[in-house]
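A.B. asks: One structure coming up, written as structure tokens, with questions to follow.
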Amino acid sequence: MHELGVVHRTITRATEADVKALSAFGVSTIHEAMGRLGLMRPYIRPVYPGAKVCGTAVTVLLQPGDNWMLHVAAEQVQPGDVVVAACTTESEDGFFGDLLATSLRAQGAEGLIIDGGCRDVETLQEMDFPVFSRAINSKGTVKATVGSVNVPVVCANALVNPGDVVIGDVDGVVVVPAARAAEVAAAARTREDNEENKRQRLAAGELGLDIYSMRERLTAAGLRYTD
Ligand SMILES: O=C([O-])CC(=O)C(=O)O
Ligand SMILES: [Mg+2]
């Protein structure tokens with residue numbers, strides 16, 4: 001976030017196997033499985049219903065109202081990447097639309113996460129090119145000031161290093177450090193198996209109060225029942 005005017009061409013991506021393992025889980029499960037870390041702020045939303053993405057981060061540091069670096073980033077994309085664009089300060093301009101989506105897809109990108117605005121949403125939906133953004137905004141941008149590509153960025157409150165795994169769905173966007181990807185995928189599997197057991201018991205009418213042995217602690221906390 002502090003290096004301006006730099007493109008790192010060599011990055012270490014999480015392995016394909018780890019990305020595939022994480023892609024089986026939702027954002028909420030992954031965020032819990034990694035110790036309630038890695039979540040972007042909830043103002044980042046899918047631009048159309050059903051948008052989902054999972055892949056390795058190519059990071060972009062944008063300047064406000066300027067989308068030059070997205071064109072620079074397109075050249076660094078490899079199949080399976082997700083472009084993650086942060087900005088040096090808050091900006092909700094429409095940095096991205098269907099032309100850039102066409103370019104990113106041609107390079108193999110899976111989607112875009114942007115702490116800024118996005119436009120051409122109807123076409124993005126037709127293309128099924130998933131974008132998660134902080135705004136939908138027609139306002140155009142210029143190409144005048146350099147930022148960086150593949151530097152560590154803070155995007156909507158989450159630290160993203162190039163090569164990390166980013167997962168987006170209707171619940172939000174979570175970032176898993178490349179070095180933790182296998183461990184987090186295993187923890188997510190355990191968590192999901194455990195949830196399936198709870199789901200069945202709750203559906204059968206058992207109460208959370210009993211499944212989680214809450215009664216004693218509630219009494220100790222001073223909860224009283226009256227008839
Ligand atoms: O071209 C731009 O500045 C952004 C856009 O609308 C597109 O990529 O289609
Ligand atoms: Mg456009």
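Lettering and numbering for the structure tokens are positional, with chains as A, B, ... in the shown order, residues counted from 1 in each chain, and ligands counted from 1 in the shown order.
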Please identify all protein, DNA and RNA residues within 10 Å of ligand 2, counting only C-alpha atoms and all ligand atoms, and report them as a PyMOL selection string.
C.D. replies: chain A and resi 94-101+118-121+123-124+138+140
A.B. asks: Check region 34-188 of chain A with DSSP on the backbone and list each residue it calls alpha helix (DSSP H), as a ChimeraX atom specification.
C.D. replies: /A:68-74,98-106,121-127,181-188
A.B. asks: Please identify which residues in region 23-180 of chain A DSSP calls strand (DSSP E or B) from the backbone, and express them as a PyMOL selection string.
C.D. replies: chain A and resi 39+45-46+53-63+66+81-87+94-96+111-118+131-136+142+148-149+153-155+158-160+165-169+172-176
A.B. asks: Which residues of region 126-176 of chain A come within 6 Å of region 106-117 of chain A, and for each one, what is the closest pair of atoms and their distance in Å to one decimal, counting only C-alpha atoms, sorted by chain and residue number, as a tab-separated table?
C.D. replies:
residue	atom	partner	partner_atom	distance
A:Phe129	CA	A:Gly111	CA	5.9
A:Pro130	CA	A:Gly111	CA	5.0
A:Val131	CA	A:Leu112	CA	4.8
A:Phe132	CA	A:Ile113	CA	4.7
A:Ser133	CA	A:Ile114	CA	4.9
A:Arg134	CA	A:Gly116	CA	5.3
A:Ala135	CA	A:Gly117	CA	4.4
A:Ile136	CA	A:Gly117	CA	5.2
A:Asn137	CA	A:Gly117	CA	5.4
A:Ala156	CA	A:Asp115	CA	5.9
A.B. asks: Write out as JSON lines a residue-level contact list of region 108-167 of chain A versus region 20-37 of chain A with cut-off 12 Å: for each qualifying residue the closest pair of atoms and the distance in Å to one decimal, counting only C-alpha atoms, rows sorted by chain and residue number upward.
C.D. replies:
{"residue": "A:Asn157", "atom": "CA", "partner": "A:Leu37", "partner_atom": "CA", "distance": 10.9}
{"residue": "A:Ala158", "atom": "CA", "partner": "A:Leu37", "partner_atom": "CA", "distance": 8.7}
{"residue": "A:Leu159", "atom": "CA", "partner": "A:Leu37", "partner_atom": "CA", "distance": 10.2}
{"residue": "A:Asp164", "atom": "CA", "partner": "A:Leu22", "partner_atom": "CA", "distance": 11.7}
{"residue": "A:Val165", "atom": "CA", "partner": "A:Leu22", "partner_atom": "CA", "distance": 8.3}
{"residue": "A:Val166", "atom": "CA", "partner": "A:Leu22", "partner_atom": "CA", "distance": 9.4}
{"residue": "A:Ile167", "atom": "CA", "partner": "A:Val27", "partner_atom": "CA", "distance": 6.4}
A.B. asks: For the residues selected in the previous step, produce a file with all heavy atoms as a PDB file, in the first residue's frame.
C.D. replies:
ATOM      1  N   ASN A 157     -10.932  -2.792   4.456  1.00  0.00           N
ATOM      2  CA  ASN A 157     -10.510  -3.201   5.807  1.00  0.00           C
ATOM      3  C   ASN A 157      -9.785  -4.544   5.877  1.00  0.00           C
ATOM      4  O   ASN A 157      -9.381  -4.950   6.960  1.00  0.00           O
ATOM      5  CB  ASN A 157     -11.705  -3.241   6.769  1.00  0.00           C
ATOM      6  CG  ASN A 157     -11.364  -2.688   8.124  1.00  0.00           C
ATOM      7  OD1 ASN A 157     -10.646  -1.698   8.202  1.00  0.00           O
ATOM      8  ND2 ASN A 157     -11.853  -3.306   9.176  1.00  0.00           N
ATOM      9  N   ALA A 158      -9.637  -5.245   4.771  1.00  0.00           N
ATOM     10  CA  ALA A 158      -8.951  -6.544   4.808  1.00  0.00           C
ATOM     11  C   ALA A 158      -7.582  -6.412   4.141  1.00  0.00           C
ATOM     12  O   ALA A 158      -7.462  -5.816   3.061  1.00  0.00           O
ATOM     13  CB  ALA A 158      -9.775  -7.602   4.087  1.00  0.00           C
ATOM     14  N   LEU A 159      -6.570  -6.994   4.796  1.00  0.00           N
ATOM     15  CA  LEU A 159      -5.233  -7.031   4.197  1.00  0.00           C
ATOM     16  C   LEU A 159      -5.221  -8.112   3.119  1.00  0.00           C
ATOM     17  O   LEU A 159      -5.607  -9.256   3.378  1.00  0.00           O
ATOM     18  CB  LEU A 159      -4.198  -7.352   5.279  1.00  0.00           C
ATOM     19  CG  LEU A 159      -2.766  -7.591   4.795  1.00  0.00           C
ATOM     20  CD1 LEU A 159      -2.175  -6.327   4.166  1.00  0.00           C
ATOM     21  CD2 LEU A 159      -1.879  -8.067   5.945  1.00  0.00           C
ATOM     22  N   ASP A 164      -2.974 -14.441  -2.326  1.00  0.00           N
ATOM     23  CA  ASP A 164      -3.937 -14.927  -1.322  1.00  0.00           C
ATOM     24  C   ASP A 164      -5.202 -15.445  -2.020  1.00  0.00           C
ATOM     25  O   ASP A 164      -5.484 -15.079  -3.170  1.00  0.00           O
ATOM     26  CB  ASP A 164      -4.341 -13.796  -0.367  1.00  0.00           C
ATOM     27  CG  ASP A 164      -3.233 -13.438   0.626  1.00  0.00           C
ATOM     28  OD1 ASP A 164      -2.232 -14.162   0.700  1.00  0.00           O
ATOM     29  OD2 ASP A 164      -3.393 -12.418   1.322  1.00  0.00           O
ATOM     30  N   VAL A 165      -5.979 -16.240  -1.294  1.00  0.00           N
ATOM     31  CA  VAL A 165      -7.247 -16.708  -1.863  1.00  0.00           C
ATOM     32  C   VAL A 165      -8.360 -15.737  -1.435  1.00  0.00           C
ATOM     33  O   VAL A 165      -8.468 -15.420  -0.245  1.00  0.00           O
ATOM     34  CB  VAL A 165      -7.594 -18.137  -1.392  1.00  0.00           C
ATOM     35  CG1 VAL A 165      -8.828 -18.659  -2.131  1.00  0.00           C
ATOM     36  CG2 VAL A 165      -6.412 -19.067  -1.616  1.00  0.00           C
ATOM     37  N   VAL A 166      -9.139 -15.284  -2.405  1.00  0.00           N
ATOM     38  CA  VAL A 166     -10.292 -14.428  -2.095  1.00  0.00           C
ATOM     39  C   VAL A 166     -11.560 -15.157  -2.516  1.00  0.00           C
ATOM     40  O   VAL A 166     -11.624 -15.737  -3.606  1.00  0.00           O
ATOM     41  CB  VAL A 166     -10.231 -13.049  -2.776  1.00  0.00           C
ATOM     42  CG1 VAL A 166      -9.327 -12.108  -2.025  1.00  0.00           C
ATOM     43  CG2 VAL A 166      -9.833 -13.134  -4.208  1.00  0.00           C
ATOM     44  N   ILE A 167     -12.543 -15.115  -1.620  1.00  0.00           N
ATOM     45  CA  ILE A 167     -13.802 -15.804  -1.870  1.00  0.00           C
ATOM     46  C   ILE A 167     -14.920 -14.784  -1.662  1.00  0.00           C
ATOM     47  O   ILE A 167     -14.958 -14.102  -0.629  1.00  0.00           O
ATOM     48  CB  ILE A 167     -14.002 -17.004  -0.906  1.00  0.00           C
ATOM     49  CG1 ILE A 167     -12.823 -17.968  -0.996  1.00  0.00           C
ATOM     50  CG2 ILE A 167     -15.308 -17.747  -1.211  1.00  0.00           C
ATOM     51  CD1 ILE A 167     -11.804 -17.801   0.093  1.00  0.00           C
TER      52      ILE A 167
END
A.B. asks: Env of Glu75 (chain A): 10 Å cut, atoms = only C-alpha atoms, seq-sep filter 5 positions within chain, self excluded. Answer as a PyMOL selection string.
C.D. replies: chain A and resi 9+70+103-104+107
A.B. asks: With all heavy atoms retained, export the selected residues as a PDB file, in the first residue's frame.
C.D. replies:
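This went into out.pdb:
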ATOM      1  N   ARG A   9       5.772  -8.506 -11.111  1.00  0.00           N
ATOM      2  CA  ARG A   9       5.321  -9.491 -12.098  1.00  0.00           C
ATOM      3  C   ARG A   9       5.355 -10.913 -11.562  1.00  0.00           C
ATOM      4  O   ARG A   9       4.659 -11.784 -12.082  1.00  0.00           O
ATOM      5  CB  ARG A   9       6.173  -9.379 -13.363  1.00  0.00           C
ATOM      6  CG  ARG A   9       5.824  -8.136 -14.164  1.00  0.00           C
ATOM      7  CD  ARG A   9       6.324  -8.253 -15.585  1.00  0.00           C
ATOM      8  NE  ARG A   9       7.745  -8.025 -15.647  1.00  0.00           N
ATOM      9  CZ  ARG A   9       8.347  -7.234 -16.535  1.00  0.00           C
ATOM     10  NH1 ARG A   9       7.630  -6.618 -17.449  1.00  0.00           N
ATOM     11  NH2 ARG A   9       9.635  -7.073 -16.524  1.00  0.00           N
ATOM     12  N   LEU A  70      -6.072  -0.712 -13.635  1.00  0.00           N
ATOM     13  CA  LEU A  70      -6.819  -1.937 -13.966  1.00  0.00           C
ATOM     14  C   LEU A  70      -6.360  -2.468 -15.322  1.00  0.00           C
ATOM     15  O   LEU A  70      -6.262  -3.682 -15.528  1.00  0.00           O
ATOM     16  CB  LEU A  70      -8.324  -1.669 -13.948  1.00  0.00           C
ATOM     17  CG  LEU A  70      -8.918  -1.492 -12.540  1.00  0.00           C
ATOM     18  CD1 LEU A  70     -10.352  -0.966 -12.614  1.00  0.00           C
ATOM     19  CD2 LEU A  70      -8.878  -2.798 -11.748  1.00  0.00           C
ATOM     20  N   SER A 103     -11.810  -7.837 -21.015  1.00  0.00           N
ATOM     21  CA  SER A 103     -10.350  -7.946 -21.046  1.00  0.00           C
ATOM     22  C   SER A 103      -9.845  -8.887 -19.946  1.00  0.00           C
ATOM     23  O   SER A 103      -9.037  -9.786 -20.204  1.00  0.00           O
ATOM     24  CB  SER A 103      -9.741  -6.545 -20.865  1.00  0.00           C
ATOM     25  OG  SER A 103      -8.348  -6.632 -20.728  1.00  0.00           O
ATOM     26  N   LEU A 104     -10.352  -8.707 -18.724  1.00  0.00           N
ATOM     27  CA  LEU A 104      -9.891  -9.576 -17.622  1.00  0.00           C
ATOM     28  C   LEU A 104     -10.247 -11.036 -17.907  1.00  0.00           C
ATOM     29  O   LEU A 104      -9.440 -11.943 -17.694  1.00  0.00           O
ATOM     30  CB  LEU A 104     -10.493  -9.145 -16.276  1.00  0.00           C
ATOM     31  CG  LEU A 104     -10.027  -7.806 -15.704  1.00  0.00           C
ATOM     32  CD1 LEU A 104     -10.565  -7.629 -14.279  1.00  0.00           C
ATOM     33  CD2 LEU A 104      -8.513  -7.668 -15.700  1.00  0.00           C
ATOM     34  N   GLN A 107      -8.003 -12.841 -20.194  1.00  0.00           N
ATOM     35  CA  GLN A 107      -6.728 -13.249 -19.577  1.00  0.00           C
ATOM     36  C   GLN A 107      -6.923 -14.377 -18.571  1.00  0.00           C
ATOM     37  O   GLN A 107      -5.967 -14.840 -17.954  1.00  0.00           O
ATOM     38  CB  GLN A 107      -6.071 -12.044 -18.863  1.00  0.00           C
ATOM     39  CG  GLN A 107      -5.800 -10.854 -19.784  1.00  0.00           C
ATOM     40  CD  GLN A 107      -4.941 -11.227 -20.985  1.00  0.00           C
ATOM     41  OE1 GLN A 107      -3.942 -11.936 -20.847  1.00  0.00           O
ATOM     42  NE2 GLN A 107      -5.347 -10.779 -22.166  1.00  0.00           N
TER      43      GLN A 107
END
A.B. asks: Have a look at CA of Gly163 (chain A) and CA of Gly65 (chain A) and let me know their distance in Å, one decimal.
C.D. replies: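 For CA of Gly163 (chain A) relative to CA of Gly65 (chain A), the distance reads 25.8 Å.
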A.B. asks: Please indicate the distance in Å from CA of Glu16 (chain A) to CA of Trp68 (chain A), rounded to one decimal place.
C.D. replies: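 We find that CA of Glu16 (chain A) and CA of Trp68 (chain A) lie 29.1 Å from each other.
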A.B. asks: In Å, rounded to a single decimal, give me how far CA of Ala178 (chain A) is from CA of Thr12 (chain A).
C.D. replies: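 The value is 8.2 Å.
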A.B. asks: Given the choices A:Met69, A:Ala182, A:Ala221, A:Val153, which gets closest to ligand 1 if the distance is worked out from only C-alpha atoms and all ligand atoms?
C.D. replies: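 Smallest separation from ligand 1 among the options: A:Met69.
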A.B. asks: Find, counting only C-alpha atoms and all ligand atoms, the residue in A:Gly38, A:Pro49, A:Thr56, A:Glu122 that gets nearest to ligand 1.
C.D. replies: A:Glu122
